[in-house]
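Have a look at the structure below, then the notes.
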2 protein chains.
Amino acid sequence: MAAQRIDRGERTVRLVDVARAAGVSQGTASNVFNRPEVVRPEVREKVEAAAKALGYKGPDPKGRLLRAGKVNAIGVATAEPIAYFFEDPFARTLMTGIAEACDRGGAGISLVSAANEEALAWNISTALVDGFILFCLQGGPRLIELTRDRDLPFVALELGSRDPSIPAVGIDNAAGARLAAGHLADLGHRRFAILSIPFVNRRSGRVSREEVRRAAYASSRERVEGYLDVLADCGIDPESVPIFETENDEETTVPALEALFSGDRPPTALLAMSDRIALVALEWLRRRGLTVPQDVSVVGFDGVPEGETSDPPLTTVAQPIAALGRLAVEMILDPRAEVRRETLPIRLVRRGSTAPPPDAGA
Amino acid sequence: MAAQRIDRGERTVRLVDVARAAGVSQGTASNVFNRPEVVRPEVREKVEAAAKALGYKGPDPKGRLLRAGKVNAIGVATAEPIAYFFEDPFARTLMTGIAEACDRGGAGISLVSAANEEALAWNISTALVDGFILFCLQGGPRLIELTRDRDLPFVALELGSRDPSIPAVGIDNAAGARLAAGHLADLGHRRFAILSIPFVNRRSGRVSREEVRRAAYASSRERVEGYLDVLADCGIDPESVPIFETENDEETTVPALEALFSGDRPPTALLAMSDRIALVALEWLRRRGLTVPQDVSVVGFDGVPEGETSDPPLTTVAQPIAALGRLAVEMILDPRAEVRRETLPIRLVRRGSTAPPPDAGA
DNA sequence: CCCGCCTCTTGAATCGGTTCAAAATTTGCC
DNA sequence: GGCAAATTTTGAACCGATTCAAGAGGCGGG
């Protein structure tokens, strides 16, 4: 009798099987794997032998999870496709900072994302993580709403939403923009154009100030306002500054550039709201036969590494990208659970893409 | 009596609490959240109301996991720090392919990694994933060994190990190398140098053929052998071709270049075993005042996007990087569990970094 | 009005461990 | 040798859900 229990191999062997085989309680078997020092060497060896005989490779994380409650991984979520994390220069740099902090804290990273709304909701609500870092670039509010339901610690990257109950880290976007515009104004520029990151989803082309005001993404709006504040102080009518919205990629930036430089009085200064856009502009201007910075000055925003090696090197408003990532991770991993909203300092990095306008001497 | 059960809020509310509050069985409550169509609308609303009243946001994934057994995420593991996934161009491109396939398959990605051996073992054995994709660049064998203990589907990226029981996808490294060397030989080059990716951990500098033969990383060895095969066919003594090992970064590649070009008969053709190395070489040669391809030809290996926009654009042996990632994901997600080892085709992409040697006309 | 069928709901088993108070054993000391 | 203290081991509760066979209730047809 009981012969059919012998033919193991068909069912996975569990801790309880090992315990039984070794003639000890399940509790002891568990200790052998988790706190070996607490069990007598003699018994430990017996259990280990039984484990080996049964082909048991150690406790299944699935079981452990339920009891321990800790996944030891933090989720990084965005409303973009997962590939975004590896393609966008800013995201990549941010992820590098996050990755380093996670390495240090002994946590893994789970990339949570989805193309469509429904899948995103599902992925967020079922992700096995101890907390979330939210890339709020697109669809931030929705992302935050979904995440809240998880009752897990989370941090929004970007202080877009002004709700003080949302933990967030970010920069003062308006101040950064003022730095950029101020730099160009000081150099003597008077003909500006703004190349913007999205104000709302899936739209690009020239936008009015009114449309900027209604932006879904607060940080985009704030940057524009920062630019225009400074320009207004210099006596430049904000209404006269063309603003082109892009989707932060080449496809939507090039048409904006074409529109800008086909007019009779093209800008001498380009305020790009991301380094990615700025780098596309650099490339496009070169192909167009315009020299940067002699003919046109370009200031980026973000401070990604690619800006250091571009031709010419990019003048930009540098965010402390690595520090942002690090801080976000710490806020998740750190047990004290007070809501924090941190603003990190930005700085203007002057490199080779800015100079006085061509008519400065005239 | 039973008064203290009333003060909820201190313990998290579970499905069973909701069920009790709604006056239904736990099974029915579960159905409300997972197969709402199966429960009468009237009852469903009652349960939903109870859930809302108790602040229950839906089933906890931890519990679900244990029962369902499926995490819905695949782990991507490497022995490098996590940041590697976002910094190395080849890894990044590969991850893009993997990410797209995961998006399509509705799976998430968990990045598994660790600086030190012990942490890596722990991270691999406790990662909550349905399967592993292994970046075997460094420490491949150990990585495979650790992963095997998980009894989960896995795929090694790189066919480094010849053990047929290890599922793997990769390319024919020797064939790729032959393509590169053949191209340069056809152009008339006779003075070659090889800039290699690692043969063993943490080492760089000039290596002998004997050291190549003892390489821990089979794919590195195969590439060198591919190069030298072709050169030997052209009457070039393999022993005369300098081989410099690098750690696939700028710090270890530059010294190799300095050594190569400080001699009296510097090479006219550089065989770089990764695009990253090739791009560093391009940059270094420019700074050194040497023109590519007029003075020196460079062929890379991998086919990363950066090679398209470099100056000059890089001639390289292109791996089907995206396809490799996609295939790996499919092998994990696909239920039929036969061991597969797939070799994908490579091709030579001729761009601007190769030309006949300067003395070709002489 | 009864019966069978169909639709919902129930209850209990299960997933695979960890933990901790209490029991059992060993050790130390006089 | 006896007793208290220290060390190990046990056993059962618990983590939070899903699943499915079996039961209950409602409905239409004869």
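FYI, nothing fancy with the structure tokens labels: chains A, B, ... in order, residues from 1 per chain, ligands from 1 as they appear.
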
Could you build a table of the residues in chain D lying no more than 10 Å from chain B, giving for each the nearest pair of atoms and their separation in Å rounded to one decimal place, using only C-alpha atoms (C1' of nucleotides), ordered by chain and ascending residue number, as CSV?
```
residue,atom,partner,partner_atom,distance
D:DC15,C1',B:Gly63,CA,7.7
D:DG16,C1',B:Gly63,CA,4.0
D:DA17,C1',B:Gly63,CA,4.2
D:DT18,C1',B:Arg67,CA,5.8
D:DT19,C1',B:Gly27,CA,8.4
```

For this session: Could you list, as a PyMOL selection string, the residues of chain C having an atom within 9 Å of chain A when counting only C-alpha atoms (C1' of nucleotides)?
Result: chain C and resi 15-19

Could you please take those selected residues and save C-alpha atoms (C1' of nucleotides) as a PDB file, in the first residue's frame?
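As a result, again.pdb now contains:
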```
ATOM      1  C1'  DC C  15      -0.977  26.824  -3.216  1.00  0.00           C
ATOM      2  C1'  DG C  16       4.233  26.617  -0.374  1.00  0.00           C
ATOM      3  C1'  DG C  17       6.173  28.652   3.025  1.00  0.00           C
ATOM      4  C1'  DT C  18       7.398  31.301   7.795  1.00  0.00           C
ATOM      5  C1'  DT C  19       6.842  32.186  12.490  1.00  0.00           C
TER       6       DT C  19
END
```

Exercise. Could you write out as a count of residues only the residues of chain B within 7 Å of chain A, counting only C-alpha atoms?
Worked result: 25

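For stretch 103-147 of chain B, the set of residues given strand (DSSP E) by DSSP on the backbone reads Gly108, Ile109, Ser110, Leu111, Val112, Phe132, Ile133, Leu134 and Phe135 of chain B.
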
Problem set entry | Non-local contacts of D:DT8 (8 Å; only C-alpha atoms (C1' of nucleotides); under 5 positions in same chain excluded) as a PyMOL selection string | (chain A and resi 38-40) or (chain C and resi 25)

Expected file contents, prior selection, C-alpha atoms (C1' of nucleotides), as a PDB file, in the first residue's frame:
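This is the output file result_29.pdb:
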```pdb
ATOM      1  CA  VAL A  38      19.717  27.716  14.705  1.00  0.00           C
ATOM      2  CA  VAL A  39      19.476  24.025  13.908  1.00  0.00           C
ATOM      3  CA  ARG A  40      21.841  21.358  15.169  1.00  0.00           C
TER       4      ARG A  40
ATOM      5  C1'  DT C  25      15.968  18.127  24.963  1.00  0.00           C
TER       6       DT C  25
END
```

Problem set entry | Residues within 10 Å of stretch 2-11 of chain C, only C-alpha atoms (C1' of nucleotides), excluding chain neighbours under 6 positions, as a count of residues only | 18

For this session: as a PyMOL selection string, list the residues of stretch 110-355 of chain B assigned to alpha helix (DSSP H) by DSSP on the backbone atoms of this structure.
Result: chain B and resi 117-126+140-148+173-187+209-213+218-233+250-262+275-288+306-309+321-333

For this session: Write out as a PyMOL selection string which residues come within 10 Å of C:DC30 when counting only C-alpha atoms (C1' of nucleotides), dropping same-chain ones fewer than 2 positions away.
Result: (chain C and resi 28) or (chain D and resi 2-3)

At a cut-off of 12 Å, using only C-alpha atoms (C1' of nucleotides), what residues contact A:Glu210? Leave out same-chain residues fewer than 6 positions from it and give the result as a CSV table (one decimal) with N, CA and C atoms, in the first residue's frame.
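Ended up saving to selection_23.csv:
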```
chain,number,residue,atom,x,y,z
A,199,PHE,N,2.2,68.7,-24.3
A,199,PHE,CA,1.3,69.3,-23.3
A,199,PHE,C,0.1,68.4,-23.0
A,221,ARG,N,4.0,73.0,-19.0
A,221,ARG,CA,3.5,74.3,-18.9
A,221,ARG,C,4.4,75.2,-18.1
A,224,VAL,N,7.4,76.4,-20.1
A,224,VAL,CA,7.1,77.5,-21.1
A,224,VAL,C,6.9,78.8,-20.3
A,225,GLU,N,6.2,78.7,-19.2
A,225,GLU,CA,6.0,80.0,-18.5
A,225,GLU,C,7.3,80.6,-18.0
A,238,PRO,N,5.5,87.9,-25.3
A,238,PRO,CA,5.3,86.4,-25.3
A,238,PRO,C,4.5,85.9,-26.5
A,239,GLU,N,3.5,86.7,-26.9
A,239,GLU,CA,2.7,86.2,-28.0
A,239,GLU,C,3.5,86.0,-29.3
A,243,ILE,N,5.6,78.7,-30.4
A,243,ILE,CA,5.8,77.5,-29.5
A,243,ILE,C,5.3,76.2,-30.3
```

Seminar exercise, completed: Here atom CA of B:Arg341 and atom CA of B:Arg223 stand apart by 19.0 Å

For this session: Pick out the residues sitting within 7 Å of stretch 168-185 of chain B, and hand them over as a count of residues only; count only C-alpha atoms (C1' of nucleotides), and ignore anything fewer than 3 positions along from it in its own chain.
Result: 28

For this session: Enter the distance from atom CA of B:Pro356 to atom CA of B:Val280, in Å, rounded to one decimal.
Result: 21.2 Å
